[in-house]
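The next block is start-v2.cif, given as mmCIF, C-alpha atoms.
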```cif
data_entry
loop_
_atom_site.label_atom_id
_atom_site.label_comp_id
_atom_site.auth_asym_id
_atom_site.auth_seq_id
_atom_site.Cartn_x
_atom_site.Cartn_y
_atom_site.Cartn_z
CA MET A 1 -6.66 -38.21 -7.72
CA ARG A 2 -10.41 -38.36 -7.34
CA GLU A 3 -11.71 -38.46 -3.80
CA MET A 4 -13.08 -41.92 -2.93
CA ALA A 5 -13.76 -41.23 0.75
CA GLY A 6 -10.41 -42.67 1.82
CA LEU A 7 -10.22 -45.69 -0.48
CA ASP A 8 -6.96 -45.94 -2.39
CA GLU A 9 -6.12 -47.19 -5.88
CA GLY A 10 -3.40 -49.64 -4.83
CA THR A 11 -5.55 -52.63 -3.83
CA PRO A 12 -8.92 -53.92 -5.06
CA LEU A 13 -11.68 -51.53 -4.01
CA PHE A 14 -14.14 -54.31 -3.16
CA ALA A 15 -11.72 -55.69 -0.56
CA GLN A 16 -11.10 -52.23 0.89
CA LEU A 17 -14.83 -51.64 1.14
CA ALA A 18 -15.38 -55.01 2.83
CA GLY A 19 -12.56 -54.16 5.25
CA ARG A 20 -14.11 -50.78 6.06
CA LEU A 21 -17.49 -52.31 6.82
CA ALA A 22 -15.94 -55.08 8.91
CA GLU A 23 -13.99 -52.45 10.84
CA GLU A 24 -17.22 -50.53 11.43
CA ILE A 25 -18.95 -53.67 12.72
CA ALA A 26 -16.01 -54.61 14.97
CA ALA A 27 -15.95 -51.08 16.43
CA GLY A 28 -19.69 -51.22 17.10
CA GLY A 29 -20.50 -48.38 14.70
CA LEU A 30 -22.78 -50.79 12.86
CA ALA A 31 -24.63 -52.78 15.51
CA GLU A 32 -25.83 -56.35 15.05
CA GLY A 33 -29.29 -56.34 13.52
CA GLU A 34 -28.75 -52.86 12.11
CA ARG A 35 -29.41 -52.15 8.43
CA VAL A 36 -26.28 -51.69 6.32
CA PRO A 37 -26.26 -49.01 3.59
CA SER A 38 -27.39 -50.36 0.22
CA THR A 39 -25.03 -51.09 -2.65
CA ASN A 40 -26.12 -47.89 -4.40
CA GLU A 41 -25.70 -45.82 -1.24
CA LEU A 42 -22.20 -47.19 -0.74
CA ALA A 43 -21.35 -46.64 -4.42
CA ALA A 44 -22.49 -43.02 -4.21
CA TYR A 45 -20.63 -42.38 -0.95
CA TYR A 46 -17.34 -43.94 -2.07
CA ARG A 47 -17.86 -42.80 -5.67
CA ILE A 48 -17.26 -46.27 -7.01
CA ASN A 49 -19.00 -48.58 -9.44
CA PRO A 50 -22.09 -50.23 -7.86
CA ALA A 51 -20.90 -53.67 -9.05
CA THR A 52 -17.67 -53.14 -7.11
CA ALA A 53 -19.64 -52.17 -4.01
CA ALA A 54 -21.88 -55.24 -4.44
CA LYS A 55 -18.80 -57.46 -4.59
CA GLY A 56 -17.58 -56.01 -1.29
CA ILE A 57 -20.96 -56.65 0.33
CA ASN A 58 -20.95 -60.23 -0.97
CA VAL A 59 -17.63 -60.90 0.73
CA LEU A 60 -19.23 -60.05 4.08
CA ILE A 61 -22.30 -62.16 3.32
CA ASP A 62 -20.04 -65.12 2.50
CA GLU A 63 -18.21 -64.60 5.79
CA GLY A 64 -21.51 -64.65 7.67
CA LEU A 65 -21.16 -61.04 8.83
CA LEU A 66 -24.12 -59.69 6.88
CA GLU A 67 -27.44 -61.23 6.01
CA LYS A 68 -29.81 -60.35 3.24
CA ARG A 69 -33.47 -59.94 4.15
CA ARG A 70 -35.40 -60.20 0.99
CA GLY A 71 -37.00 -56.94 -0.08
CA ILE A 72 -35.78 -55.01 2.94
CA GLY A 73 -32.01 -54.87 2.59
CA MET A 74 -28.79 -55.98 4.20
CA PHE A 75 -28.33 -56.35 7.94
CA VAL A 76 -25.47 -57.04 10.32
CA ALA A 77 -25.76 -60.70 11.32
CA ALA A 78 -26.08 -61.79 14.93
CA GLY A 79 -22.66 -62.73 16.30
CA ALA A 80 -20.84 -60.76 13.57
CA ARG A 81 -18.84 -58.67 16.03
CA ARG A 82 -17.74 -61.73 17.98
CA LEU A 83 -16.61 -63.41 14.75
CA LEU A 84 -14.51 -60.40 13.79
CA LEU A 85 -12.92 -60.01 17.20
CA ASP A 86 -12.09 -63.72 17.35
CA GLU A 87 -10.45 -63.43 13.94
CA ARG A 88 -8.38 -60.46 15.05
CA ARG A 89 -7.34 -62.27 18.19
CA ARG A 90 -6.25 -65.20 16.06
CA LEU A 91 -4.10 -62.89 13.90
CA PHE A 92 -2.77 -60.80 16.77
CA ALA A 93 0.54 -62.63 17.21
CA GLU A 94 1.27 -62.66 13.50
CA ARG A 95 0.32 -59.06 12.86
CA TYR A 96 1.69 -57.34 15.92
CA VAL A 97 3.85 -59.56 18.10
CA GLU A 98 6.07 -61.08 15.39
CA PRO A 99 7.05 -57.73 13.77
CA LEU A 100 7.60 -56.32 17.26
CA VAL A 101 9.93 -59.16 18.21
CA ASP A 102 11.72 -58.90 14.84
CA GLU A 103 12.43 -55.22 15.25
CA ALA A 104 13.45 -55.68 18.89
CA ALA A 105 15.94 -58.36 17.82
CA ARG A 106 17.40 -56.02 15.18
CA LEU A 107 17.87 -53.32 17.79
CA GLY A 108 19.30 -55.73 20.37
CA ILE A 109 16.38 -55.33 22.74
CA GLY A 110 16.15 -58.50 24.85
CA THR A 111 12.98 -60.33 25.81
CA ASP A 112 12.94 -58.99 29.38
CA GLU A 113 13.50 -55.43 28.25
CA LEU A 114 10.73 -55.85 25.66
CA ALA A 115 8.36 -57.22 28.29
CA GLY A 116 9.18 -54.21 30.49
CA LEU A 117 8.41 -51.82 27.63
CA ILE A 118 5.07 -53.53 27.01
CA ARG A 119 4.19 -53.36 30.68
CA ALA A 120 5.07 -49.66 30.83
CA ALA A 121 3.00 -48.89 27.71
CA SER A 122 0.12 -50.88 29.13
CA GLN A 123 0.24 -48.94 32.43
CA ALA A 124 0.39 -45.63 30.56
CA ARG A 125 -2.68 -46.66 28.58
CA ALA A 126 -4.56 -47.63 31.75
CA SER A 127 -3.96 -44.20 33.23
CA HIS A 128 -5.15 -42.53 30.00
CA VAL A 129 -8.32 -44.61 30.16
CA GLU A 130 -8.80 -43.56 33.78
CA ALA A 131 -8.32 -39.92 32.78
CA GLY A 132 -10.90 -40.41 30.05
CA ASP A 133 -8.47 -39.73 27.17
CA ILE A 134 -9.22 -43.11 25.58
CA GLN A 135 -12.52 -44.92 25.28
CA ALA A 136 -12.57 -47.84 27.68
CA SER A 137 -15.06 -49.87 25.65
CA HIS A 138 -12.44 -51.76 23.67
CA VAL A 139 -10.44 -52.69 26.73
CA GLU A 140 -13.03 -55.10 28.06
CA GLU A 141 -13.10 -57.12 24.86
CA GLY A 142 -9.49 -56.63 23.96
CA ILE A 143 -6.46 -58.52 25.05
CA THR A 144 -5.24 -57.76 28.54
CA LEU A 145 -1.77 -58.58 29.70
CA MET B 1 -26.80 -63.15 -22.72
CA THR B 2 -26.07 -61.32 -25.98
CA PRO B 3 -23.20 -58.88 -25.43
CA ALA B 4 -24.18 -55.21 -25.79
CA ILE B 5 -21.11 -54.80 -27.97
CA SER B 6 -19.20 -57.52 -29.77
CA VAL B 7 -16.19 -56.57 -31.87
CA THR B 8 -14.11 -59.14 -33.74
CA GLY B 9 -10.94 -58.44 -35.71
CA LEU B 10 -11.93 -54.83 -36.28
CA THR B 11 -9.42 -53.01 -38.45
CA ARG B 12 -9.74 -49.48 -39.73
CA GLY B 13 -7.10 -48.08 -42.02
CA TYR B 14 -6.70 -44.67 -43.55
CA ARG B 15 -4.23 -43.94 -46.31
CA GLY B 16 -0.98 -45.40 -44.99
CA HIS B 17 -2.18 -45.38 -41.40
CA ILE B 18 -3.82 -48.09 -39.31
CA ALA B 19 -6.13 -46.49 -36.72
CA LEU B 20 -7.46 -49.79 -35.39
CA ASP B 21 -5.61 -53.06 -35.75
CA ARG B 22 -7.52 -56.34 -35.31
CA VAL B 23 -9.45 -55.16 -32.27
CA THR B 24 -11.51 -57.85 -30.54
CA PHE B 25 -13.61 -57.48 -27.37
CA ASP B 26 -17.10 -57.95 -25.91
CA ILE B 27 -18.96 -55.71 -23.51
CA GLU B 28 -21.69 -57.18 -21.34
CA PRO B 29 -24.92 -55.22 -21.02
CA GLY B 30 -25.37 -53.08 -17.91
CA SER B 31 -21.75 -52.29 -17.16
CA ILE B 32 -19.60 -49.17 -17.13
CA THR B 33 -16.43 -49.68 -19.14
CA GLY B 34 -13.48 -47.30 -19.36
CA LEU B 35 -11.90 -47.00 -22.78
CA LEU B 36 -8.42 -45.82 -21.92
CA GLY B 37 -5.41 -44.80 -23.93
CA ARG B 38 -3.33 -41.89 -25.05
CA ASN B 39 -4.48 -39.29 -27.52
CA GLY B 40 -4.42 -40.77 -31.01
CA ALA B 41 -4.57 -44.37 -29.73
CA GLY B 42 -7.76 -45.07 -31.69
CA LYS B 43 -10.45 -44.44 -29.06
CA THR B 44 -12.45 -41.95 -31.11
CA THR B 45 -12.33 -44.09 -34.26
CA LEU B 46 -13.60 -47.07 -32.29
CA LEU B 47 -16.49 -45.11 -30.76
CA ARG B 48 -17.45 -43.60 -34.11
CA ILE B 49 -17.58 -47.06 -35.68
CA LEU B 50 -19.73 -48.34 -32.81
CA ALA B 51 -22.08 -45.41 -33.41
CA GLY B 52 -22.26 -46.12 -37.15
CA GLN B 53 -20.56 -42.84 -38.03
CA GLU B 54 -17.59 -44.55 -39.60
CA PHE B 55 -17.10 -47.96 -41.15
CA PRO B 56 -14.65 -50.82 -40.56
CA SER B 57 -12.04 -51.65 -43.19
CA ALA B 58 -12.23 -55.24 -41.95
CA GLY B 59 -13.78 -57.23 -39.14
CA GLN B 60 -17.16 -57.52 -37.43
CA VAL B 61 -18.93 -54.98 -35.24
CA HIS B 62 -22.15 -55.95 -33.51
CA VAL B 63 -24.19 -53.70 -31.23
CA PHE B 64 -27.18 -55.42 -29.61
CA GLY B 65 -26.47 -58.34 -31.95
CA ALA B 66 -26.60 -56.38 -35.22
CA SER B 67 -24.33 -54.18 -37.29
CA PRO B 68 -24.79 -50.52 -36.35
CA ALA B 69 -23.90 -49.26 -39.83
CA GLU B 70 -26.95 -47.48 -41.29
CA ASN B 71 -29.16 -49.45 -38.93
CA ASP B 72 -31.80 -47.19 -37.34
CA GLN B 73 -33.11 -49.98 -35.13
CA VAL B 74 -29.72 -50.11 -33.40
CA LEU B 75 -28.75 -46.45 -33.62
CA ARG B 76 -31.88 -45.19 -31.85
CA ARG B 77 -30.89 -47.27 -28.83
CA MET B 78 -27.59 -45.45 -28.39
CA VAL B 79 -26.13 -42.01 -27.84
CA LEU B 80 -22.60 -40.82 -28.60
CA ILE B 81 -21.34 -37.61 -27.02
CA ARG B 82 -18.08 -36.40 -28.49
CA GLU B 83 -15.39 -34.07 -27.34
CA ASP B 84 -16.23 -30.65 -28.76
CA GLN B 85 -19.63 -31.76 -29.96
CA VAL B 86 -20.99 -29.39 -32.63
CA TYR B 87 -24.53 -28.00 -32.33
CA PRO B 88 -26.73 -26.04 -34.73
CA ASP B 89 -27.32 -22.37 -34.00
CA ILE B 90 -30.10 -22.76 -31.39
CA LYS B 91 -30.74 -22.06 -27.73
CA VAL B 92 -29.83 -24.55 -24.99
CA ARG B 93 -33.46 -25.47 -24.31
CA HIS B 94 -34.08 -26.05 -28.02
CA ALA B 95 -31.08 -28.38 -28.13
CA LEU B 96 -32.62 -30.33 -25.26
CA ALA B 97 -36.03 -30.41 -26.96
CA ALA B 98 -34.44 -31.74 -30.15
CA ALA B 99 -32.61 -34.41 -28.14
CA SER B 100 -35.87 -35.41 -26.43
CA TRP B 101 -37.32 -36.33 -29.84
CA CYS B 102 -34.27 -38.42 -30.78
CA TYR B 103 -34.00 -40.59 -27.70
CA PRO B 104 -36.94 -42.80 -26.67
CA GLY B 105 -35.68 -43.07 -23.07
CA TRP B 106 -35.28 -39.29 -22.62
CA SER B 107 -35.84 -37.97 -19.09
CA ALA B 108 -36.88 -34.31 -19.07
CA GLU B 109 -36.75 -34.38 -15.29
CA LEU B 110 -33.11 -35.51 -15.26
CA ALA B 111 -32.23 -33.00 -17.99
CA SER B 112 -33.56 -30.06 -16.00
CA ARG B 113 -31.88 -31.29 -12.81
CA LEU B 114 -28.52 -31.60 -14.60
CA LEU B 115 -29.01 -28.22 -16.27
CA ALA B 116 -29.20 -26.71 -12.78
CA ASP B 117 -26.24 -28.80 -11.51
CA PHE B 118 -24.05 -27.45 -14.30
CA ALA B 119 -25.56 -23.92 -14.06
CA LEU B 120 -26.43 -23.93 -17.76
CA PRO B 121 -28.68 -21.00 -18.83
CA PRO B 122 -31.52 -22.55 -20.90
CA ASP B 123 -32.15 -19.41 -22.98
CA ARG B 124 -28.58 -18.82 -24.01
CA PRO B 125 -27.70 -19.62 -27.65
CA VAL B 126 -25.36 -22.62 -27.81
CA LYS B 127 -22.94 -20.51 -29.86
CA LYS B 128 -22.52 -18.13 -26.92
CA LEU B 129 -21.64 -20.90 -24.45
CA SER B 130 -18.05 -21.30 -23.28
CA ARG B 131 -16.26 -24.49 -24.32
CA GLY B 132 -16.81 -25.99 -20.86
CA MET B 133 -20.52 -25.11 -20.93
CA ARG B 134 -20.86 -26.76 -24.33
CA SER B 135 -19.24 -29.87 -22.90
CA ALA B 136 -21.68 -29.72 -19.98
CA LEU B 137 -24.57 -29.53 -22.44
CA GLY B 138 -23.26 -32.67 -24.15
CA ILE B 139 -23.08 -34.43 -20.80
CA VAL B 140 -26.65 -33.38 -19.94
CA ILE B 141 -27.88 -34.79 -23.26
CA GLY B 142 -25.79 -37.95 -22.96
CA LEU B 143 -27.14 -38.75 -19.50
CA ALA B 144 -30.76 -37.58 -19.95
CA ALA B 145 -31.01 -39.68 -23.14
CA ARG B 146 -30.86 -42.77 -20.89
CA ALA B 147 -29.91 -44.68 -24.01
CA GLU B 148 -29.34 -48.42 -23.60
CA LEU B 149 -25.83 -47.83 -24.93
CA THR B 150 -24.25 -44.57 -23.86
CA LEU B 151 -20.94 -43.63 -25.45
CA PHE B 152 -18.92 -40.71 -24.08
CA ASP B 153 -15.78 -39.71 -25.95
CA GLU B 154 -13.69 -37.50 -23.63
CA PRO B 155 -16.81 -35.40 -23.07
CA TYR B 156 -15.28 -32.78 -20.73
CA ALA B 157 -13.19 -30.38 -22.85
CA GLY B 158 -12.92 -27.11 -20.96
CA LEU B 159 -14.67 -28.47 -17.87
CA ASP B 160 -12.91 -27.76 -14.59
CA ALA B 161 -12.28 -30.38 -11.90
CA VAL B 162 -15.42 -29.45 -9.95
CA ALA B 163 -17.67 -29.82 -13.00
CA ARG B 164 -16.01 -33.12 -13.92
CA GLN B 165 -16.77 -34.38 -10.42
CA THR B 166 -20.39 -33.30 -10.96
CA PHE B 167 -20.37 -35.38 -14.16
CA TYR B 168 -18.92 -38.49 -12.48
CA ASP B 169 -21.36 -38.24 -9.55
CA ALA B 170 -24.35 -37.72 -11.87
CA LEU B 171 -23.27 -40.64 -14.05
CA LEU B 172 -22.97 -43.00 -11.08
CA ALA B 173 -26.23 -41.85 -9.50
CA ASP B 174 -28.30 -42.22 -12.65
CA TYR B 175 -26.61 -45.48 -13.61
CA ALA B 176 -27.48 -46.89 -10.17
CA GLU B 177 -31.16 -46.02 -10.73
CA HIS B 178 -31.23 -46.88 -14.43
CA PRO B 179 -28.52 -49.43 -15.23
CA ARG B 180 -27.38 -49.35 -18.84
CA THR B 181 -24.26 -50.02 -20.87
CA ILE B 182 -21.85 -47.12 -20.68
CA LEU B 183 -18.55 -46.78 -22.48
CA LEU B 184 -16.50 -43.75 -21.44
CA SER B 185 -13.25 -42.92 -23.17
CA THR B 186 -10.83 -40.88 -21.12
CA HIS B 187 -7.18 -40.19 -20.54
CA LEU B 188 -7.95 -38.80 -17.04
CA ILE B 189 -7.67 -42.28 -15.58
CA ASP B 190 -6.91 -41.40 -11.98
CA GLU B 191 -10.05 -39.35 -11.48
CA ALA B 192 -12.41 -41.71 -13.33
CA ALA B 193 -10.95 -45.07 -12.26
CA GLY B 194 -13.48 -45.78 -9.52
CA LEU B 195 -16.38 -45.59 -11.97
CA PHE B 196 -15.32 -48.53 -14.08
CA GLU B 197 -16.33 -52.14 -13.76
CA ARG B 198 -14.06 -53.02 -16.67
CA VAL B 199 -11.33 -51.26 -18.58
CA ILE B 200 -10.11 -51.64 -22.13
CA VAL B 201 -6.73 -50.09 -22.83
CA ILE B 202 -5.90 -49.30 -26.40
CA ASP B 203 -2.52 -48.21 -27.72
CA ARG B 204 -1.54 -47.51 -31.31
CA GLY B 205 -4.76 -49.10 -32.51
CA ARG B 206 -4.37 -52.33 -30.56
CA ILE B 207 -5.91 -53.58 -27.35
CA VAL B 208 -3.12 -54.00 -24.82
CA LEU B 209 -5.27 -54.71 -21.79
CA ALA B 210 -8.87 -55.75 -21.18
CA ALA B 211 -9.89 -56.75 -17.67
CA ALA B 212 -12.10 -56.10 -14.67
CA ALA B 213 -10.81 -52.83 -13.19
CA ASP B 214 -10.71 -54.11 -9.63
CA ASP B 215 -8.65 -57.16 -10.65
CA LEU B 216 -5.90 -54.82 -11.79
CA ARG B 217 -5.50 -52.91 -8.56
CA GLY B 218 -2.48 -54.25 -6.71
CA VAL B 219 -1.58 -56.69 -9.49
CA ALA B 220 1.67 -54.88 -10.17
CA MET B 221 3.95 -53.02 -7.80
CA THR B 222 7.11 -51.06 -7.46
CA VAL B 223 9.72 -52.86 -5.36
CA SER B 224 12.49 -50.64 -4.02
CA GLY B 225 15.52 -51.29 -1.85
CA PRO B 226 19.06 -52.69 -2.01
CA VAL B 227 19.86 -54.07 -5.47
CA LEU B 228 20.57 -57.63 -4.36
CA ALA B 229 17.40 -57.91 -2.31
CA VAL B 230 15.26 -56.37 -5.06
CA ASP B 231 16.65 -58.69 -7.73
CA ASP B 232 16.27 -61.69 -5.45
CA PHE B 233 12.68 -60.79 -4.66
CA THR B 234 11.59 -60.02 -8.22
CA ALA B 235 13.29 -63.08 -9.79
CA GLY B 236 10.74 -65.20 -11.66
CA HIS B 237 8.27 -62.32 -12.01
CA GLN B 238 7.61 -60.31 -15.13
CA VAL B 239 9.53 -57.04 -14.86
CA TRP B 240 8.17 -53.96 -16.60
CA GLU B 241 10.80 -51.46 -15.60
CA ARG B 242 14.08 -51.48 -13.76
CA ARG B 243 15.98 -48.49 -12.49
CA GLN B 244 19.14 -48.41 -10.44
CA ILE B 245 21.24 -45.85 -8.66
CA ALA B 246 24.36 -46.88 -6.75
CA SER B 247 23.34 -49.85 -4.61
CA GLN B 248 19.60 -49.08 -4.71
CA ALA B 249 17.16 -50.42 -7.27
CA SER B 250 13.52 -49.79 -8.08
CA VAL B 251 11.68 -52.41 -10.13
CA VAL B 252 8.13 -52.50 -11.42
CA MET B 253 7.00 -56.11 -11.34
CA VAL B 254 3.81 -57.99 -12.02
CA GLY B 255 2.44 -59.96 -9.08
CA PRO B 256 0.47 -61.45 -7.61
CA LEU B 257 2.06 -61.67 -4.20
CA ASP B 258 0.83 -63.95 -1.45
CA GLU B 259 1.16 -63.54 2.31
CA ASP B 260 4.57 -65.21 2.32
CA ASP B 261 5.86 -62.83 -0.34
CA TRP B 262 4.79 -59.85 1.75
CA ALA B 263 6.45 -61.32 4.84
CA ARG B 264 9.61 -61.93 2.82
CA ALA B 265 9.57 -58.36 1.50
CA ARG B 266 9.33 -57.12 5.08
CA SER B 267 12.22 -59.27 6.23
CA LEU B 268 14.33 -58.13 3.24
CA ARG B 269 13.37 -54.57 4.23
CA LEU B 270 11.98 -53.84 0.79
CA ASP B 271 9.55 -51.07 0.07
CA LEU B 272 6.48 -52.29 -1.87
CA GLU B 273 4.16 -49.79 -3.51
CA PRO B 274 1.21 -51.10 -5.58
CA LEU B 275 0.62 -49.42 -8.93
CA THR B 276 -2.56 -47.43 -9.33
CA LEU B 277 -4.79 -48.18 -12.30
CA GLN B 278 -3.36 -45.14 -14.06
CA GLN B 279 0.25 -46.24 -13.53
CA LEU B 280 -0.66 -49.76 -14.60
CA VAL B 281 -2.23 -48.51 -17.81
CA VAL B 282 0.86 -46.42 -18.58
CA HIS B 283 3.10 -49.45 -18.13
CA ALA B 284 0.78 -51.82 -20.00
CA ALA B 285 0.77 -49.44 -22.97
CA ALA B 286 4.57 -49.21 -22.91
CA GLN B 287 5.18 -52.97 -23.15
CA PRO B 288 6.54 -54.20 -26.49
CA ALA B 289 4.61 -57.49 -26.60
CA PRO B 290 1.08 -56.85 -25.41
CA ASP B 291 -0.09 -59.81 -23.40
CA MET B 292 -2.43 -58.38 -20.82
CA THR B 293 -5.69 -59.79 -22.02
CA ASP B 294 -8.22 -61.24 -19.60
CA GLU B 295 -6.72 -64.73 -19.43
CA SER B 296 -3.19 -63.67 -18.67
CA VAL B 297 -4.27 -61.22 -15.97
CA MET B 298 -6.55 -63.85 -14.49
CA GLU B 299 -3.65 -66.29 -14.30
CA ARG B 300 -1.67 -63.73 -12.41
CA THR B 301 -4.37 -62.69 -10.01
CA SER B 302 -5.54 -66.18 -9.19
CA ALA B 303 -2.18 -67.97 -9.23
#
```
Please express the file's structure as structure tokens.
Amino acid sequence: MREMAGLDEGTPLFAQLAGRLAEEIAAGGLAEGERVPSTNELAAYYRINPATAAKGINVLIDEGLLEKRRGIGMFVAAGARRLLLDERRRLFAERYVEPLVDEAARLGIGTDELAGLIRAASQARASHVEAGDIQASHVEEGITL
Amino acid sequence: MTPAISVTGLTRGYRGHIALDRVTFDIEPGSITGLLGRNGAGKTTLLRILAGQEFPSAGQVHVFGASPAENDQVLRRMVLIREDQVYPDIKVRHALAAASWCYPGWSAELASRLLADFALPPDRPVKKLSRGMRSALGIVIGLAARAELTLFDEPYAGLDAVARQTFYDALLADYAEHPRTILLSTHLIDEAAGLFERVIVIDRGRIVLAAAADDLRGVAMTVSGPVLAVDDFTAGHQVWERRQIASQASVVMVGPLDEDDWARARSLRLDLEPLTLQQLVVHAAAQPAPDMTDESVMERTSA
């Protein structure tokens, strides 16, 4: 298959592109107020149709994450990162906790045991952060137990 | 807006053989459309008719609002590059010079850039070029013509994967700078899929699918797992293929699936794998009753 810089053929490309950019904004790689690559630049990089790239950009404009400045280009909107992190926090239980609890139930792992495992993993992570193996930046804004 | 191409009920028959059977579609100006299908499906006949090189047995063909047949006003606004394009016995640079006189939008600058990209020797006689180099020359002409309607009919015979990538990248880059209507026929769907805004799939002379390319991604999927769970999950959906071994089944079904469906698949421990555009085209072409036109796909994707 043709290389599309990590995009896959199984879901709409515009949605994947929007997801990538949102991820980049949430991670701080694209700072608020920073210019976002143009539709044509994105199309060339991902090797996709410019109309598809434009559709992905429009999703982020509609969500208030990007803003168009006429004649200059597209920029990350103020508060975009906060919006994204709030959204992730809202989906955290559904995306991570529910599947975790499901699988634990299948394996006969009780709630207390599960809580113990989470605590242990959390402590291990803290020591990695201390040792500098993991970036600490996400911890401050993330969810702490 | 007048469509760049408007085809209604186009039929083309040869002695005892129907190459195109009541083909109907429109193409909006300024888009890249993939014309997909197996060898012998009717792609070349369709492109030749659009370019006025062959004539319909029945039906209407309009390019820029007029019939292309023997119509210079229309024909000078388009370029058709064929597989194994034939050239007179001249040097590469003479072929480019001749092309520059034919196409009003010709870009000499783009032509020389592409010549370098494809490492084509300008002073070599076309007859002495390899098959791949001749294809590359066709691509250079097709792109540098910057024709309002650019038709490519499997233009890469003998081109290796690297050179094809050069073609796709050059096409996208120049299209981004100079938007125009491009129709590219190919059976190498996987590698070209990302280029297309729309796709038209043709099989045995008939259109079996016409839709926005991105609407098709994820619209169908393979569901695998225990037979009972698979059948339960796929009930009520259109099934394109069903295979079974012992207590395991694998079914290709047409979606769309919502969040609840995905959650249900997880809880049934089913494996869901979306079809790529290429796989989807293969299945669409294999269906007995073609019903994958815009409206029916739209119903599925927006339901």
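Among B:Val126, B:Leu216, B:Leu257, B:Val7, the residue with the shortest atom-to-atom distance to B:Thr276, counting only C-alpha atoms, is B:Leu216.
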If we count only C-alpha atoms, which residues of chain B reach to within 7 Å of chain A? Please list them as an mmCIF file with C-alpha atoms, in the coordinates of the input.
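What landed in out.cif:
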```cif
data_model
loop_
_atom_site.group_PDB
_atom_site.id
_atom_site.type_symbol
_atom_site.label_atom_id
_atom_site.label_comp_id
_atom_site.auth_asym_id
_atom_site.auth_seq_id
_atom_site.Cartn_x
_atom_site.Cartn_y
_atom_site.Cartn_z
ATOM 1 C CA ASP B 169 -21.360 -38.240 -9.550
ATOM 2 C CA LEU B 172 -22.970 -43.000 -11.080
ATOM 3 C CA ALA B 173 -26.230 -41.850 -9.500
ATOM 4 C CA ALA B 176 -27.480 -46.890 -10.170
ATOM 5 C CA ASP B 190 -6.910 -41.400 -11.980
ATOM 6 C CA GLU B 191 -10.050 -39.350 -11.480
ATOM 7 C CA GLY B 194 -13.480 -45.780 -9.520
ATOM 8 C CA LEU B 195 -16.380 -45.590 -11.970
ATOM 9 C CA PHE B 196 -15.320 -48.530 -14.080
ATOM 10 C CA GLU B 197 -16.330 -52.140 -13.760
ATOM 11 C CA ASP B 214 -10.710 -54.110 -9.630
ATOM 12 C CA ASP B 215 -8.650 -57.160 -10.650
ATOM 13 C CA ARG B 217 -5.500 -52.910 -8.560
ATOM 14 C CA GLY B 218 -2.480 -54.250 -6.710
ATOM 15 C CA PRO B 274 1.210 -51.100 -5.580
ATOM 16 C CA LEU B 275 0.620 -49.420 -8.930
ATOM 17 C CA THR B 276 -2.560 -47.430 -9.330
ATOM 18 C CA LEU B 277 -4.790 -48.180 -12.300
#
```
| query | For the atom pair atom CA of A:Ile57 and atom CA of B:Ile32, what is the interatomic distance in Å to one decimal place? | reply |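 Straight-line distance from atom CA of A:Ile57 to atom CA of B:Ile32 works out to 19.0 Å.
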| field | From A:Glu23, A:Glu87, A:Glu67, A:Glu94, residue lying nearest A:Val36 [all atoms listed in the file] | value |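 Closest residue, counting all atoms listed in the file: A:Glu67.
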| field | Distance query stretch 263-271 of chain B at most 7 Å, only C-alpha atoms, self and fewer than 5 positions along chain excluded, as a PyMOL selection string | value | chain B and resi 223-225+229
| request: Write out as an MDAnalysis selection string the residues lying within 12 Å of stretch 58-65 of chain A, counting all atoms listed in the file and excluding same-chain residues fewer than 3 positions away. | output: chainID A and resid 14:26 30:34 36 38:39 51:55 68:69 74:85 87
| message | One number please: atom CA of B:His62 to atom CA of B:Ser6, in Å, one decimal. | response | 5.0 Å
| message | For the PyMOL selection byres ((chain B and resi 222) around 6), applied here, can you spell out every residue it catches as a PyMOL selection string? | response | chain B and resi 221+223+251-252+272-273
Identify, on the basis of all atoms listed in the file, every residue whose closest approach to B:His178 does not exceed 12 Å; exclude the query and any residue fewer than 4 positions from it along the same chain; express the result as a PDB file with C-alpha atoms, keeping the file's coordinate frame.
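Contents of part-v8.pdb, as written:
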```
ATOM      1  CA  ASN A  40     -26.120 -47.890  -4.400  1.00  0.00           C
ATOM      2  CA  PRO A  50     -22.090 -50.230  -7.860  1.00  0.00           C
TER       3      PRO A  50
ATOM      4  CA  GLY B  30     -25.370 -53.080 -17.910  1.00  0.00           C
ATOM      5  CA  SER B  31     -21.750 -52.290 -17.160  1.00  0.00           C
ATOM      6  CA  GLY B 105     -35.680 -43.070 -23.070  1.00  0.00           C
ATOM      7  CA  TRP B 106     -35.280 -39.290 -22.620  1.00  0.00           C
ATOM      8  CA  SER B 107     -35.840 -37.970 -19.090  1.00  0.00           C
ATOM      9  CA  LEU B 110     -33.110 -35.510 -15.260  1.00  0.00           C
ATOM     10  CA  LEU B 143     -27.140 -38.750 -19.500  1.00  0.00           C
ATOM     11  CA  ALA B 144     -30.760 -37.580 -19.950  1.00  0.00           C
ATOM     12  CA  ALA B 145     -31.010 -39.680 -23.140  1.00  0.00           C
ATOM     13  CA  ARG B 146     -30.860 -42.770 -20.890  1.00  0.00           C
ATOM     14  CA  ALA B 147     -29.910 -44.680 -24.010  1.00  0.00           C
ATOM     15  CA  GLU B 148     -29.340 -48.420 -23.600  1.00  0.00           C
ATOM     16  CA  LEU B 149     -25.830 -47.830 -24.930  1.00  0.00           C
ATOM     17  CA  THR B 150     -24.250 -44.570 -23.860  1.00  0.00           C
ATOM     18  CA  ALA B 170     -24.350 -37.720 -11.870  1.00  0.00           C
ATOM     19  CA  LEU B 171     -23.270 -40.640 -14.050  1.00  0.00           C
ATOM     20  CA  LEU B 172     -22.970 -43.000 -11.080  1.00  0.00           C
ATOM     21  CA  ALA B 173     -26.230 -41.850  -9.500  1.00  0.00           C
ATOM     22  CA  ASP B 174     -28.300 -42.220 -12.650  1.00  0.00           C
ATOM     23  CA  ILE B 182     -21.850 -47.120 -20.680  1.00  0.00           C
TER      24      ILE B 182
END
```
